Amino acid sequence: MEGPSSRLLATADGPLLLALRRDSGGDGESDPAQDIKTHFRVCRFIMETGVKLGMRSVPVATACVLYHRFFERVSIRAYEPYLVAMSCVYLAGKVEEQHIRTRDIINVSHRYFNSGSAPLECDKEFWDLRDSVVQCELLILRQLNFHVSFEHPHKYLLHYLLSVKSLVNRHAWARTPIAETSWALLRDCYHGAICIRHIPQHIAIATLYLALNSYGVELPVGEKEWWQVLCEDVTKADIDAVISDLLHLYDMEAKCV
């Protein structure tokens, strides 16, 4: 599994440049396809780490958005993505008021890459890594100009699900996992840049639209499409764009296995 090395490289001017640099890393030209795969893997790491740390869905989503926003501004060749991910988890816990200890993040991350291993000893390497996580958090804050609060699609999807449920035959709703599928699709959007490329309402509508179509659930037809009633500014092109990006992400997942 691709992961950080144990080597710590501090810069003289502040937060760790090339800290915990990948063994295969370097300053060569960027390969967009490979970068997308790396981001996919790292976001999967964020999500699995978040689950093991008992984080709620919104803090995990915030960590993913922080990660994507950061690498919008800097090259993946300049900073170790897994270190950035660890710092994003730490920062997201603060932003969403679910504080996670750095020691827990480090130990869970260590177990992620070294399955079955014992927790790290509180030696120099551990404290160096802890300092790296904290310093990288400051770097992320500066790169994002301290704009670290985001609006997520979760509240919109919850509202849309309640609205759609009232329009569907209760027996049809009970036998089809529309809600579960919609939430799963929404979670998958955070593996890639979908979560920062599209607005939250459109993502919520698109995931619900795809879930309904996947199970062949039809809603009553009126003067407007159901999705126009729920979100006035969304168009069919917006929905198709989100779904297209999501399907591309699933294709990427197949290649990352």
# chains A, B, ... in the order shown; residues from 1 in each chain; ligands from 1

call {"tool": "closest_atom_pairs", "arguments": {"of": "segment 143-170 of chain A", "to": "segment 231-240 of chain A", "cutoff": "12 Å", "atoms": "only C-alpha atoms", "output": "tab-separated table"}}
result
residue	atom	partner	partner_atom	distance
A:Tyr156	CA	A:Cys231	CA	9.5
A:Leu157	CA	A:Cys231	CA	11.1
A:His159	CA	A:Cys231	CA	10.9
A:Tyr160	CA	A:Cys231	CA	9.1
A:Ser163	CA	A:Cys231	CA	11.7

call {"tool": "residues_around", "arguments": {"residues": "Leu161 of chain A", "least_positions_apart": "3", "cutoff": "8 Å", "atoms": "only C-alpha atoms", "output": "PDB file with N, CA, C and O atoms, in the first residue's frame"}}
result
ATOM      1  N   LEU A 157     -29.585  16.916   1.212  1.00  0.00           N
ATOM      2  CA  LEU A 157     -30.024  15.560   0.876  1.00  0.00           C
ATOM      3  C   LEU A 157     -31.053  15.063   1.877  1.00  0.00           C
ATOM      4  O   LEU A 157     -32.038  14.416   1.494  1.00  0.00           O
ATOM      5  N   LEU A 158     -30.856  15.348   3.146  1.00  0.00           N
ATOM      6  CA  LEU A 158     -31.826  14.942   4.162  1.00  0.00           C
ATOM      7  C   LEU A 158     -33.193  15.567   3.879  1.00  0.00           C
ATOM      8  O   LEU A 158     -34.228  14.879   3.922  1.00  0.00           O
ATOM      9  N   VAL A 164     -39.162  13.656  -0.963  1.00  0.00           N
ATOM     10  CA  VAL A 164     -39.433  12.616  -1.962  1.00  0.00           C
ATOM     11  C   VAL A 164     -40.171  11.439  -1.331  1.00  0.00           C
ATOM     12  O   VAL A 164     -41.065  10.845  -1.949  1.00  0.00           O
ATOM     13  N   LYS A 165     -39.821  11.118  -0.100  1.00  0.00           N
ATOM     14  CA  LYS A 165     -40.477   9.990   0.584  1.00  0.00           C
ATOM     15  C   LYS A 165     -41.986  10.194   0.661  1.00  0.00           C
ATOM     16  O   LYS A 165     -42.764   9.226   0.549  1.00  0.00           O
ATOM     17  N   ALA A 179     -32.758   5.805   0.372  1.00  0.00           N
ATOM     18  CA  ALA A 179     -32.024   6.674   1.301  1.00  0.00           C
ATOM     19  C   ALA A 179     -30.589   6.180   1.492  1.00  0.00           C
ATOM     20  O   ALA A 179     -29.634   6.956   1.390  1.00  0.00           O
ATOM     21  N   LEU A 208     -29.552  11.754  -5.283  1.00  0.00           N
ATOM     22  CA  LEU A 208     -30.916  11.240  -5.119  1.00  0.00           C
ATOM     23  C   LEU A 208     -31.495  10.822  -6.467  1.00  0.00           C
ATOM     24  O   LEU A 208     -32.153   9.774  -6.581  1.00  0.00           O
TER      25      LEU A 208
END

call {"tool": "select_by_dssp", "arguments": {"residues": "segment 94-220 of chain A", "states": "alpha helix (DSSP H)", "output": "MDAnalysis selection string"}}
result
chainID A and resid 94:95 102:113 124:143 154:165 170:175 178:189 194:197 200:214

call {"tool": "residues_around", "arguments": {"residues": "His110 of chain A", "least_positions_apart": "5", "cutoff": "12 Å", "atoms": "only C-alpha atoms", "output": "list in words"}}
result
Gly3, Pro4, Ser5, Ser6, Phe45, Thr49, Tyr82, Leu83, Met86, Arg103, Asp104, Ile105, Ser115, Gly116, Ser117, Ala118, Pro119, Leu120, Glu121, Phe126 and Leu129 of chain A

call {"tool": "residues_around", "arguments": {"residues": "Pro59 of chain A", "least_positions_apart": "6", "cutoff": "8 Å", "atoms": "only C-alpha atoms", "output": "mmCIF file with C-alpha atoms, in the first residue's frame"}}
result
data_model
loop_
_atom_site.group_PDB
_atom_site.id
_atom_site.type_symbol
_atom_site.label_atom_id
_atom_site.label_comp_id
_atom_site.auth_asym_id
_atom_site.auth_seq_id
_atom_site.Cartn_x
_atom_site.Cartn_y
_atom_site.Cartn_z
ATOM 1 C CA VAL A 89 -8.515 15.111 9.855
ATOM 2 C CA ALA A 92 -11.672 19.097 10.515
ATOM 3 C CA GLY A 93 -12.243 17.846 14.059
ATOM 4 C CA VAL A 95 -13.803 23.025 12.641
ATOM 5 C CA GLU A 96 -16.757 20.687 13.223
ATOM 6 C CA GLN A 98 -15.380 16.985 17.262
#

call {"tool": "closest_residue", "arguments": {"among": "A:Leu249, A:Leu53, A:Ile203, A:Ala184", "to": "Arg111 of chain A", "atoms": "only C-alpha atoms"}}
result
A:Leu53

call {"tool": "residues_around", "arguments": {"residues": "Leu186 of chain A", "least_positions_apart": "4", "cutoff": "12 Å", "atoms": "only C-alpha atoms", "output": "VMD selection string"}}
result
chain A and resid 57 to 58 61 152 to 158 179 to 182 190 to 192 194 to 195 200 to 211 242 to 243 246

call {"tool": "write_last_selection", "arguments": {"atoms": "N, CA and C atoms", "output": "compact mmCIF listing (two decimals), in the first residue's frame"}}
result
# COMPACT_ATOMS: atom_id res chain seq x y z
N SER A 57 -20.09 11.95 9.97
CA SER A 57 -19.93 12.06 8.52
C SER A 57 -19.53 13.46 8.07
N VAL A 58 -20.06 14.50 8.71
CA VAL A 58 -19.73 15.86 8.29
C VAL A 58 -18.27 16.22 8.57
N ALA A 61 -16.28 14.61 5.90
CA ALA A 61 -16.48 15.33 4.65
C ALA A 61 -15.65 16.62 4.63
N HIS A 152 -21.97 21.66 3.21
CA HIS A 152 -21.99 20.32 2.63
C HIS A 152 -23.39 19.98 2.12
N PRO A 153 -23.48 18.99 1.23
CA PRO A 153 -24.78 18.59 0.69
C PRO A 153 -25.65 17.81 1.68
N HIS A 154 -25.11 17.42 2.81
CA HIS A 154 -25.82 16.51 3.71
C HIS A 154 -27.19 17.03 4.15
N LYS A 155 -27.24 18.29 4.57
CA LYS A 155 -28.52 18.82 5.05
C LYS A 155 -29.54 18.92 3.91
N TYR A 156 -29.04 19.21 2.71
CA TYR A 156 -29.95 19.28 1.56
C TYR A 156 -30.48 17.90 1.20
N LEU A 157 -29.59 16.92 1.21
CA LEU A 157 -30.02 15.56 0.88
C LEU A 157 -31.05 15.06 1.88
N LEU A 158 -30.86 15.35 3.15
CA LEU A 158 -31.83 14.94 4.16
C LEU A 158 -33.19 15.57 3.88
N ALA A 179 -32.76 5.81 0.37
CA ALA A 179 -32.02 6.67 1.30
C ALA A 179 -30.59 6.18 1.49
N GLU A 180 -30.45 4.87 1.76
CA GLU A 180 -29.10 4.32 1.98
C GLU A 180 -28.21 4.51 0.76
N THR A 181 -28.77 4.28 -0.42
CA THR A 181 -28.00 4.43 -1.65
C THR A 181 -27.61 5.88 -1.88
N SER A 182 -28.51 6.80 -1.61
CA SER A 182 -28.22 8.23 -1.79
C SER A 182 -27.08 8.67 -0.88
N TYR A 190 -16.89 12.42 -2.23
CA TYR A 190 -15.76 13.06 -1.56
C TYR A 190 -14.43 12.39 -1.87
N HIS A 191 -14.45 11.28 -2.58
CA HIS A 191 -13.19 10.66 -2.99
C HIS A 191 -12.49 11.47 -4.07
N GLY A 192 -13.23 12.29 -4.77
CA GLY A 192 -12.66 13.10 -5.84
C GLY A 192 -13.04 14.56 -5.65
N ILE A 194 -15.35 16.19 -6.96
CA ILE A 194 -16.77 16.49 -7.14
C ILE A 194 -17.26 17.43 -6.04
N CYS A 195 -16.79 17.19 -4.83
CA CYS A 195 -17.28 17.94 -3.67
C CYS A 195 -16.88 19.41 -3.71
N PRO A 200 -23.33 22.30 -3.33
CA PRO A 200 -23.92 21.25 -2.49
C PRO A 200 -25.32 20.82 -2.91
N GLN A 201 -26.19 21.78 -3.25
CA GLN A 201 -27.57 21.43 -3.61
C GLN A 201 -27.60 20.54 -4.85
N HIS A 202 -26.75 20.83 -5.82
CA HIS A 202 -26.74 20.04 -7.06
C HIS A 202 -26.22 18.63 -6.80
N ILE A 203 -25.24 18.52 -5.92
CA ILE A 203 -24.72 17.19 -5.58
C ILE A 203 -25.80 16.36 -4.90
N ALA A 204 -26.53 16.98 -3.98
CA ALA A 204 -27.59 16.28 -3.26
C ALA A 204 -28.69 15.82 -4.22
N ILE A 205 -29.10 16.70 -5.12
CA ILE A 205 -30.13 16.34 -6.10
C ILE A 205 -29.65 15.20 -7.00
N ALA A 206 -28.40 15.31 -7.46
CA ALA A 206 -27.86 14.31 -8.40
C ALA A 206 -27.75 12.93 -7.76
N THR A 207 -27.32 12.87 -6.51
CA THR A 207 -27.20 11.56 -5.85
C THR A 207 -28.57 10.93 -5.64
N LEU A 208 -29.55 11.75 -5.28
CA LEU A 208 -30.92 11.24 -5.12
C LEU A 208 -31.50 10.82 -6.47
N TYR A 209 -31.25 11.60 -7.50
CA TYR A 209 -31.72 11.29 -8.85
C TYR A 209 -31.15 9.95 -9.31
N LEU A 210 -29.85 9.73 -9.08
CA LEU A 210 -29.21 8.49 -9.50
C LEU A 210 -29.75 7.30 -8.70
N ALA A 211 -29.97 7.51 -7.42
CA ALA A 211 -30.50 6.43 -6.58
C ALA A 211 -31.91 6.02 -7.04
N VAL A 242 -22.77 16.09 -12.55
CA VAL A 242 -22.38 15.45 -11.28
C VAL A 242 -22.33 13.93 -11.45
N ILE A 243 -23.35 13.36 -12.09
CA ILE A 243 -23.39 11.91 -12.28
C ILE A 243 -22.22 11.45 -13.15
N LEU A 246 -19.19 11.35 -11.10
CA LEU A 246 -19.25 10.25 -10.13
C LEU A 246 -18.96 8.91 -10.82

call {"tool": "atom_distance", "arguments": {"atom1": "atom CA of Glu97 of chain A", "atom2": "atom CA of Glu80 of chain A"}}
result
26.0 Å

call {"tool": "atom_distance", "arguments": {"atom1": "atom CA of Val65 of chain A", "atom2": "atom CA of Ile196 of chain A"}}
result
6.8 Å

call {"tool": "closest_atom_pairs", "arguments": {"of": "segment 93-161 of chain A", "to": "segment 66-73 of chain A", "cutoff": "8 Å", "atoms": "only C-alpha atoms", "output": "Markdown table"}}
result
| residue | atom | partner | partner_atom | distance |
| --- | --- | --- | --- | --- |
| A:Ile140 | CA | A:Phe70 | CA | 6.4 |
| A:Gln143 | CA | A:Phe70 | CA | 6.6 |
| A:Leu144 | CA | A:Phe70 | CA | 6.7 |
| A:Val148 | CA | A:Leu66 | CA | 7.0 |

call {"tool": "atom_distance", "arguments": {"atom1": "atom CA of Ala63 of chain A", "atom2": "atom CA of Ile46 of chain A"}}
result
7.3 Å

call {"tool": "residues_around", "arguments": {"residues": "Glu218 of chain A", "least_positions_apart": "4", "cutoff": "8 Å", "atoms": "only C-alpha atoms", "output": "short mmCIF file (atom, residue, chain, number, x, y, z; two decimals) with C-alpha atoms, in the first residue's frame"}}
result
data_model
loop_
_atom_site.label_atom_id
_atom_site.label_comp_id
_atom_site.auth_asym_id
_atom_site.auth_seq_id
_atom_site.Cartn_x
_atom_site.Cartn_y
_atom_site.Cartn_z
CA VAL A 168 -43.58 7.66 -3.07
CA LEU A 212 -34.12 6.73 -7.78
CA ASN A 213 -33.19 5.81 -11.34
#

call {"tool": "closest_residue", "arguments": {"among": "A:Val51, A:Asp123, A:Ala33, A:Gly216", "to": "His248 of chain A", "atoms": "only C-alpha atoms"}}
result
A:Ala33

call {"tool": "closest_residue", "arguments": {"among": "A:Ile36, A:Met252, A:Ile178, A:Met55", "to": "Tyr90 of chain A", "atoms": "only C-alpha atoms"}}
result
A:Met55
